[in-house]
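What's in model.pdb: PDB, C-alpha atoms and all ligand atoms
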```
ATOM      1  CA  MET Z   1      72.588 106.132 122.286
ATOM      2  CA  ASP Z   2      69.236 107.475 123.482
ATOM      3  CA  ASP Z   3      66.706 107.542 120.678
ATOM      4  CA  GLY Z   4      63.652 108.024 122.843
ATOM      5  CA  GLY Z   5      62.544 104.496 121.944
ATOM      6  CA  LYS Z   6      61.991 105.513 118.338
ATOM      7  CA  ASP Z   7      62.412 103.108 115.442
ATOM      8  CA  PRO Z   8      64.638 104.346 112.640
ATOM      9  CA  GLU Z   9      62.965 105.537 109.460
ATOM     10  CA  LEU Z  10      64.440 104.753 106.037
ATOM     11  CA  ARG Z  11      63.741 107.187 103.208
ATOM     12  CA  LEU Z  12      65.171 108.936 100.193
ATOM     13  CA  ALA Z  13      67.282 111.958 101.107
ATOM     14  CA  GLU Z  14      65.894 115.398 100.258
ATOM     15  CA  ALA Z  15      67.600 118.742  99.620
ATOM     16  CA  SER Z  16      67.272 119.674 103.313
ATOM     17  CA  ASP Z  17      69.261 116.541 104.281
ATOM     18  CA  LEU Z  18      72.303 117.690 102.302
ATOM     19  CA  PRO Z  19      74.459 118.901 105.244
ATOM     20  CA  ALA Z  20      73.867 115.727 107.280
ATOM     21  CA  VAL Z  21      74.491 113.449 104.282
ATOM     22  CA  VAL Z  22      77.693 115.321 103.413
ATOM     23  CA  ASP Z  23      78.855 115.012 107.021
ATOM     24  CA  LEU Z  24      78.328 111.213 107.106
ATOM     25  CA  LEU Z  25      79.987 110.734 103.701
ATOM     26  CA  ARG Z  26      82.941 112.894 104.742
ATOM     27  CA  ARG Z  27      83.448 110.577 107.712
ATOM     28  CA  GLN Z  28      83.097 107.522 105.446
ATOM     29  CA  LEU Z  29      85.743 108.852 103.049
ATOM     30  CA  GLU Z  30      88.045 109.677 105.963
ATOM     31  CA  GLU Z  31      87.690 106.113 107.312
ATOM     32  CA  HIS Z  32      88.697 104.844 103.848
ATOM     33  CA  ASP Z  33      91.553 107.378 103.487
ATOM     34  CA  ILE Z  34      89.960 108.888 100.375
ATOM     35  CA  ALA Z  35      90.849 112.548  99.888
ATOM     36  CA  LEU Z  36      88.029 114.565  98.321
ATOM     37  CA  ALA Z  37      87.755 118.343  98.521
ATOM     38  CA  PRO Z  38      84.734 119.349 100.660
ATOM     39  CA  ALA Z  39      83.269 121.425  97.825
ATOM     40  CA  THR Z  40      83.567 118.475  95.423
ATOM     41  CA  LEU Z  41      81.859 116.139  97.887
ATOM     42  CA  GLU Z  42      79.037 118.599  98.486
ATOM     43  CA  GLY Z  43      78.636 119.265  94.758
ATOM     44  CA  SER Z  44      78.468 115.535  93.997
ATOM     45  CA  VAL Z  45      75.817 114.952  96.658
ATOM     46  CA  ARG Z  46      73.828 117.923  95.345
ATOM     47  CA  THR Z  47      74.005 116.498  91.817
ATOM     48  CA  LEU Z  48      72.666 113.128  92.953
ATOM     49  CA  LEU Z  49      69.866 114.771  94.911
ATOM     50  CA  THR Z  50      68.740 116.788  91.888
ATOM     51  CA  GLU Z  51      69.329 114.238  89.093
ATOM     52  CA  PRO Z  52      67.546 110.977  90.012
ATOM     53  CA  ALA Z  53      68.514 109.436  86.649
ATOM     54  CA  LEU Z  54      72.043 109.151  88.086
ATOM     55  CA  GLY Z  55      71.273 107.415  91.351
ATOM     56  CA  ARG Z  56      69.632 107.643  94.761
ATOM     57  CA  ILE Z  57      70.664 108.583  98.274
ATOM     58  CA  LEU Z  58      68.934 106.648 101.056
ATOM     59  CA  ILE Z  59      69.136 107.639 104.681
ATOM     60  CA  ALA Z  60      68.245 106.096 108.038
ATOM     61  CA  THR Z  61      66.982 108.615 110.567
ATOM     62  CA  TYR Z  62      66.015 108.799 114.241
ATOM     63  CA  GLY Z  63      63.857 111.897 114.306
ATOM     64  CA  ASP Z  64      66.079 114.739 113.086
ATOM     65  CA  GLU Z  65      69.264 112.689 113.393
ATOM     66  CA  VAL Z  66      70.615 111.165 110.169
ATOM     67  CA  ALA Z  67      72.345 107.985 111.395
ATOM     68  CA  GLY Z  68      73.219 106.179 108.172
ATOM     69  CA  VAL Z  69      73.438 106.615 104.442
ATOM     70  CA  ALA Z  70      73.517 104.403 101.335
ATOM     71  CA  LEU Z  71      74.371 105.827  97.958
ATOM     72  CA  LEU Z  72      73.272 104.101  94.744
ATOM     73  CA  SER Z  73      74.642 104.909  91.317
ATOM     74  CA  PHE Z  74      72.955 103.494  88.202
ATOM     75  CA  LEU Z  75      74.808 101.517  85.503
ATOM     76  CA  PHE Z  76      74.089  99.527  82.369
ATOM     77  CA  THR Z  77      76.204  96.392  82.126
ATOM     78  CA  LEU Z  78      76.483  93.526  79.643
ATOM     79  CA  GLU Z  79      77.578  91.335  82.509
ATOM     80  CA  HIS Z  80      74.182  91.569  84.163
ATOM     81  CA  GLY Z  81      72.302  91.855  80.896
ATOM     82  CA  GLY Z  82      70.775  95.240  81.545
ATOM     83  CA  PRO Z  83      70.435  98.029  84.052
ATOM     84  CA  ALA Z  84      72.266  97.521  87.310
ATOM     85  CA  ALA Z  85      73.208  99.627  90.314
ATOM     86  CA  TRP Z  86      76.463 100.238  92.124
ATOM     87  CA  LEU Z  87      76.352 100.626  95.917
ATOM     88  CA  ASP Z  88      78.821 103.467  95.930
ATOM     89  CA  GLU Z  89      78.789 104.201  99.655
ATOM     90  CA  LEU Z  90      77.333 102.690 102.805
ATOM     91  CA  TYR Z  91      77.993 104.281 106.162
ATOM     92  CA  VAL Z  92      76.423 104.042 109.599
ATOM     93  CA  ASP Z  93      77.384 106.430 112.390
ATOM     94  CA  PRO Z  94      79.646 104.388 114.736
ATOM     95  CA  ARG Z  95      77.310 105.185 117.671
ATOM     96  CA  ARG Z  96      74.429 103.509 115.784
ATOM     97  CA  ARG Z  97      76.205 100.381 114.531
ATOM     98  CA  GLY Z  98      75.232  96.850 115.540
ATOM     99  CA  HIS Z  99      71.469  97.419 115.525
ATOM    100  CA  GLY Z 100      70.634  96.348 111.999
ATOM    101  CA  LEU Z 101      70.763  99.762 110.294
ATOM    102  CA  GLY Z 102      73.431  98.660 107.803
ATOM    103  CA  ALA Z 103      71.395  95.599 106.825
ATOM    104  CA  ARG Z 104      68.222  97.662 106.479
ATOM    105  CA  LEU Z 105      69.949 100.262 104.312
ATOM    106  CA  VAL Z 106      71.300  97.596 101.941
ATOM    107  CA  ALA Z 107      67.916  95.850 101.794
ATOM    108  CA  GLU Z 108      66.251  99.167 100.989
ATOM    109  CA  ALA Z 109      68.912  99.938  98.361
ATOM    110  CA  MET Z 110      68.135  96.580  96.718
ATOM    111  CA  ARG Z 111      64.415  97.319  96.786
ATOM    112  CA  VAL Z 112      64.828 100.809  95.306
ATOM    113  CA  ALA Z 113      67.213  99.543  92.601
ATOM    114  CA  ALA Z 114      64.898  96.677  91.643
ATOM    115  CA  GLU Z 115      61.934  99.056  91.543
ATOM    116  CA  ARG Z 116      63.909 101.212  89.091
ATOM    117  CA  GLY Z 117      64.445  98.158  86.840
ATOM    118  CA  CYS Z 118      67.940  97.144  87.924
ATOM    119  CA  VAL Z 119      68.676  93.424  87.678
ATOM    120  CA  ALA Z 120      71.711  93.377  89.995
ATOM    121  CA  LEU Z 121      73.522  95.349  92.657
ATOM    122  CA  ASP Z 122      77.333  95.542  92.588
ATOM    123  CA  LEU Z 123      79.608  96.778  95.335
ATOM    124  CA  GLU Z 124      83.161  96.539  96.574
ATOM    125  CA  VAL Z 125      84.626  95.881 100.012
ATOM    126  CA  GLU Z 126      88.046  97.061 101.026
ATOM    127  CA  ASP Z 127      90.403  94.460 102.506
ATOM    128  CA  GLY Z 128      90.057  94.311 106.271
ATOM    129  CA  HIS Z 129      86.518  95.719 106.403
ATOM    130  CA  ASP Z 130      85.209  92.567 108.015
ATOM    131  CA  ALA Z 131      81.943  94.020 109.328
ATOM    132  CA  ALA Z 132      80.995  94.998 105.781
ATOM    133  CA  THR Z 133      82.067  91.596 104.417
ATOM    134  CA  ARG Z 134      79.908  89.760 106.957
ATOM    135  CA  LEU Z 135      76.976  92.059 106.247
ATOM    136  CA  TYR Z 136      77.073  91.488 102.487
ATOM    137  CA  GLU Z 137      77.555  87.722 102.869
ATOM    138  CA  ARG Z 138      74.511  87.611 105.148
ATOM    139  CA  LEU Z 139      72.505  89.448 102.523
ATOM    140  CA  GLY Z 140      73.376  86.996  99.736
ATOM    141  CA  PHE Z 141      76.142  88.838  97.857
ATOM    142  CA  HIS Z 142      78.939  86.751  96.358
ATOM    143  CA  ARG Z 143      82.569  87.718  95.980
ATOM    144  CA  HIS Z 144      84.250  88.031  92.578
ATOM    145  CA  ARG Z 145      87.870  87.006  92.048
ATOM    146  CA  ARG Z 146      88.702  90.394  90.605
ATOM    147  CA  VAL Z 147      90.588  93.511  91.533
ATOM    148  CA  ARG Z 148      89.090  96.869  90.681
ATOM    149  CA  TRP Z 149      91.408  99.315  88.928
ATOM    150  CA  ALA Z 150      90.952 103.023  88.190
ATOM    151  CA  ARG Z 151      92.759 106.098  86.946
ATOM    152  CA  ARG Z 152      91.828 109.746  86.746
ATOM    153  CA  LEU Z 153      90.999 111.088  83.305
ATOM    154  CA  GLN Z 154      92.271 114.625  83.556
TER     155      GLN Z 154
HETATM  156  C1  LIG T 201      79.501  98.125 107.550
HETATM  157  C2  LIG T 201      78.484  98.975 108.325
HETATM  158  C3  LIG T 201      77.675  99.805 107.342
HETATM  159  C4  LIG T 201      77.532  98.038 109.098
HETATM  160  O1  LIG T 201      76.540  98.861 109.736
HETATM  161  P1  LIG T 201      75.691  98.324 110.984
HETATM  162  O2  LIG T 201      74.519  99.201 111.151
HETATM  163  O3  LIG T 201      76.566  98.103 112.157
HETATM  164  O4  LIG T 201      75.217  96.896 110.399
HETATM  165  P2  LIG T 201      74.261  95.850 111.124
HETATM  166  O5  LIG T 201      73.829  96.374 112.443
HETATM  167  O6  LIG T 201      73.208  95.466 110.158
HETATM  168  O7  LIG T 201      75.226  94.595 111.327
HETATM  169  C5  LIG T 201      76.374  94.716 112.175
HETATM  170  C6  LIG T 201      76.387  93.637 113.246
HETATM  171  O8  LIG T 201      75.367  93.881 114.188
HETATM  172  C7  LIG T 201      74.614  92.691 114.376
HETATM  173  N1  LIG T 201      73.243  93.103 114.730
HETATM  174  C8  LIG T 201      72.336  93.642 113.907
HETATM  175  N2  LIG T 201      71.184  93.898 114.590
HETATM  176  C9  LIG T 201      71.442  93.525 115.863
HETATM  177  C10 LIG T 201      70.670  93.549 117.039
HETATM  178  N3  LIG T 201      69.404  94.013 117.049
HETATM  179  N4  LIG T 201      71.219  93.095 118.175
HETATM  180  C11 LIG T 201      72.475  92.622 118.195
HETATM  181  N5  LIG T 201      73.271  92.576 117.091
HETATM  182  C12 LIG T 201      72.743  93.010 115.961
HETATM  183  C13 LIG T 201      74.723  91.976 113.062
HETATM  184  O9  LIG T 201      74.454  90.599 113.183
HETATM  185  C14 LIG T 201      76.152  92.250 112.726
HETATM  186  O10 LIG T 201      77.013  91.371 113.421
HETATM  187  P3  LIG T 201      78.426  90.894 112.799
HETATM  188  O11 LIG T 201      79.224  92.135 112.458
HETATM  189  O12 LIG T 201      79.039  90.073 113.878
HETATM  190  O13 LIG T 201      78.114  90.095 111.571
HETATM  191  C15 LIG T 201      79.196  99.882 109.372
HETATM  192  O14 LIG T 201      80.051  99.079 110.162
HETATM  193  C16 LIG T 201      80.013 100.987 108.742
HETATM  194  O15 LIG T 201      79.480 102.040 108.418
HETATM  195  N6  LIG T 201      81.328 100.735 108.582
HETATM  196  C17 LIG T 201      82.250 101.724 108.017
HETATM  197  C18 LIG T 201      82.012 101.971 106.557
HETATM  198  C19 LIG T 201      82.065 100.730 105.708
HETATM  199  O16 LIG T 201      82.906  99.842 105.887
HETATM  200  N7  LIG T 201      81.124 100.683 104.760
HETATM  201  C20 LIG T 201      81.006  99.618 103.820
HETATM  202  C21 LIG T 201      81.734 100.012 102.599
HETATM  203  S1  LIG T 201      82.379  98.602 101.790
END
```

Before we go any further, please render this structure as structure tokens.
Ligand SMILES: CC(C)(COP(=O)(O)OP(=O)(O)OC[C@H]1O[C@@H](n2cnc3c(N)ncnc32)[C@H](O)[C@@H]1OP(=O)(O)O)[C@@H](O)C(=O)NCCC(=O)NCCS
Amino acid sequence: MDDGGKDPELRLAEASDLPAVVDLLRRQLEEHDIALAPATLEGSVRTLLTEPALGRILIATYGDEVAGVALLSFLFTLEHGGPAAWLDELYVDPRRRGHGLGARLVAEAMRVAAERGCVALDLEVEDGHDAATRLYERLGFHRHRRVRWARRLQ
């Protein structure tokens, strides 16, 4: 894809980035077969953008184009002995994959989480998502022998 020779910029998302962030996350959820009403997705992104105590949204941009997003959610866990972060979403536009954006977004997420006092970063990888598995292994993450469970509360 033509980027005019520009290097990508990594930064925290701002209110004006909301439509582009929602668009990337919608595509991420579709790729993972997760059904979320558009208004709920947009409302959740808006909440994270306005309440930094909850988490952070990082984006990778080429000029006005938002090419990738990483979403951090903050936790407090006994397991890690203090504040930790959950990498809730990571998505790079398919046209921009294979150029290091995913790795840079995760590295930046680790930096931002550590700066906020987090002692660890947790994440999950769906079976068959080999590109993500390779990326996290390269960046020093280790795999638990666990299965994550969930149920809705209403
Ligand atoms: C997983 C994902 C974020 C990776 O994004 P990405 O920008 O392609 O990641 P990177 O470019 O850092 O790494 C991808 C590959 O490109 C290679 N690469 C990176 N920079 C490169 C460069 N300059 N030249 C050639 N290859 C390069 C990496 O070595 C890596 O190779 P590998 O897959 O054989 O290990 C992306 O595939 C994605 O969004 N997938 C769908 C959503 C998803 O699965 N998210 C994770 C949730 S668990």

Can you build me a table of chain Z residues sitting at most 8 Å from ligand LIG 201 (chain T), with the closest atom pair per residue and its distance in Å to one decimal, using only C-alpha atoms and all ligand atoms, sorted by chain and residue number, as a tab-separated table?
```
residue	atom	partner	partner_atom	distance
Z:Gln28	CA	T:LIG201	C18	5.8
Z:Glu31	CA	T:LIG201	C17	7.0
Z:His32	CA	T:LIG201	C18	7.8
Z:Gly68	CA	T:LIG201	O15	7.5
Z:Glu89	CA	T:LIG201	C21	5.9
Z:Leu90	CA	T:LIG201	N7	4.7
Z:Tyr91	CA	T:LIG201	O15	3.5
Z:Val92	CA	T:LIG201	O15	3.8
Z:Asp93	CA	T:LIG201	O15	6.3
Z:Pro94	CA	T:LIG201	O15	6.7
Z:Arg96	CA	T:LIG201	O2	6.3
Z:Arg97	CA	T:LIG201	O3	3.3
Z:Gly98	CA	T:LIG201	O8	3.3
Z:His99	CA	T:LIG201	N2	3.7
Z:Gly100	CA	T:LIG201	O5	3.2
Z:Leu101	CA	T:LIG201	O2	3.9
Z:Gly102	CA	T:LIG201	O2	3.6
Z:Ala103	CA	T:LIG201	O6	3.8
Z:Arg104	CA	T:LIG201	O6	6.6
Z:Leu123	CA	T:LIG201	S1	7.3
Z:Glu124	CA	T:LIG201	S1	5.7
Z:Val125	CA	T:LIG201	S1	4.0
Z:Glu126	CA	T:LIG201	S1	5.9
Z:His129	CA	T:LIG201	O16	5.5
Z:Asp130	CA	T:LIG201	O11	7.5
Z:Ala131	CA	T:LIG201	O11	4.6
Z:Ala132	CA	T:LIG201	C1	3.9
Z:Thr133	CA	T:LIG201	S1	7.5
Z:Arg134	CA	T:LIG201	O13	5.0
Z:Leu135	CA	T:LIG201	O13	5.8
Z:Arg138	CA	T:LIG201	O13	7.8
```

Output file for the residues above (C-alpha atoms, as a short mmCIF file (atom, residue, chain, number, x, y, z; two decimals), in the coordinates of the input):
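What ended up in out_0.cif:
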```cif
data_model
loop_
_atom_site.label_atom_id
_atom_site.label_comp_id
_atom_site.auth_asym_id
_atom_site.auth_seq_id
_atom_site.Cartn_x
_atom_site.Cartn_y
_atom_site.Cartn_z
CA GLN Z 28 83.10 107.52 105.45
CA GLU Z 31 87.69 106.11 107.31
CA HIS Z 32 88.70 104.84 103.85
CA GLY Z 68 73.22 106.18 108.17
CA GLU Z 89 78.79 104.20 99.66
CA LEU Z 90 77.33 102.69 102.80
CA TYR Z 91 77.99 104.28 106.16
CA VAL Z 92 76.42 104.04 109.60
CA ASP Z 93 77.38 106.43 112.39
CA PRO Z 94 79.65 104.39 114.74
CA ARG Z 96 74.43 103.51 115.78
CA ARG Z 97 76.20 100.38 114.53
CA GLY Z 98 75.23 96.85 115.54
CA HIS Z 99 71.47 97.42 115.52
CA GLY Z 100 70.63 96.35 112.00
CA LEU Z 101 70.76 99.76 110.29
CA GLY Z 102 73.43 98.66 107.80
CA ALA Z 103 71.40 95.60 106.82
CA ARG Z 104 68.22 97.66 106.48
CA LEU Z 123 79.61 96.78 95.34
CA GLU Z 124 83.16 96.54 96.57
CA VAL Z 125 84.63 95.88 100.01
CA GLU Z 126 88.05 97.06 101.03
CA HIS Z 129 86.52 95.72 106.40
CA ASP Z 130 85.21 92.57 108.02
CA ALA Z 131 81.94 94.02 109.33
CA ALA Z 132 81.00 95.00 105.78
CA THR Z 133 82.07 91.60 104.42
CA ARG Z 134 79.91 89.76 106.96
CA LEU Z 135 76.98 92.06 106.25
CA ARG Z 138 74.51 87.61 105.15
#
```

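Remark: for Glu65 in chain Z, the closest of the candidate residues Z:Ala84, Z:Ala107, Z:Ala53, Z:Val21 is Z:Val21 (distances computed over all atoms listed in the file).
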
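For the pair CA of Lys6 in chain Z and CA of Tyr62 in chain Z, the separation is 6.6 Å.
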
Tell me, as a list in words, which residues lie within 10 Å of Val119 in chain Z, counting only C-alpha atoms; anything in the same chain fewer than 3 positions away does not count.
-> Phe76, Thr77, His80, Gly81, Gly82, Pro83, Ala84, Ala85, Met110, Ala113, Ala114, Glu115 and Arg116 of chain Z

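In this model, the gap between CA of Arg152 in chain Z and CA of Pro38 in chain Z comes to 18.3 Å.
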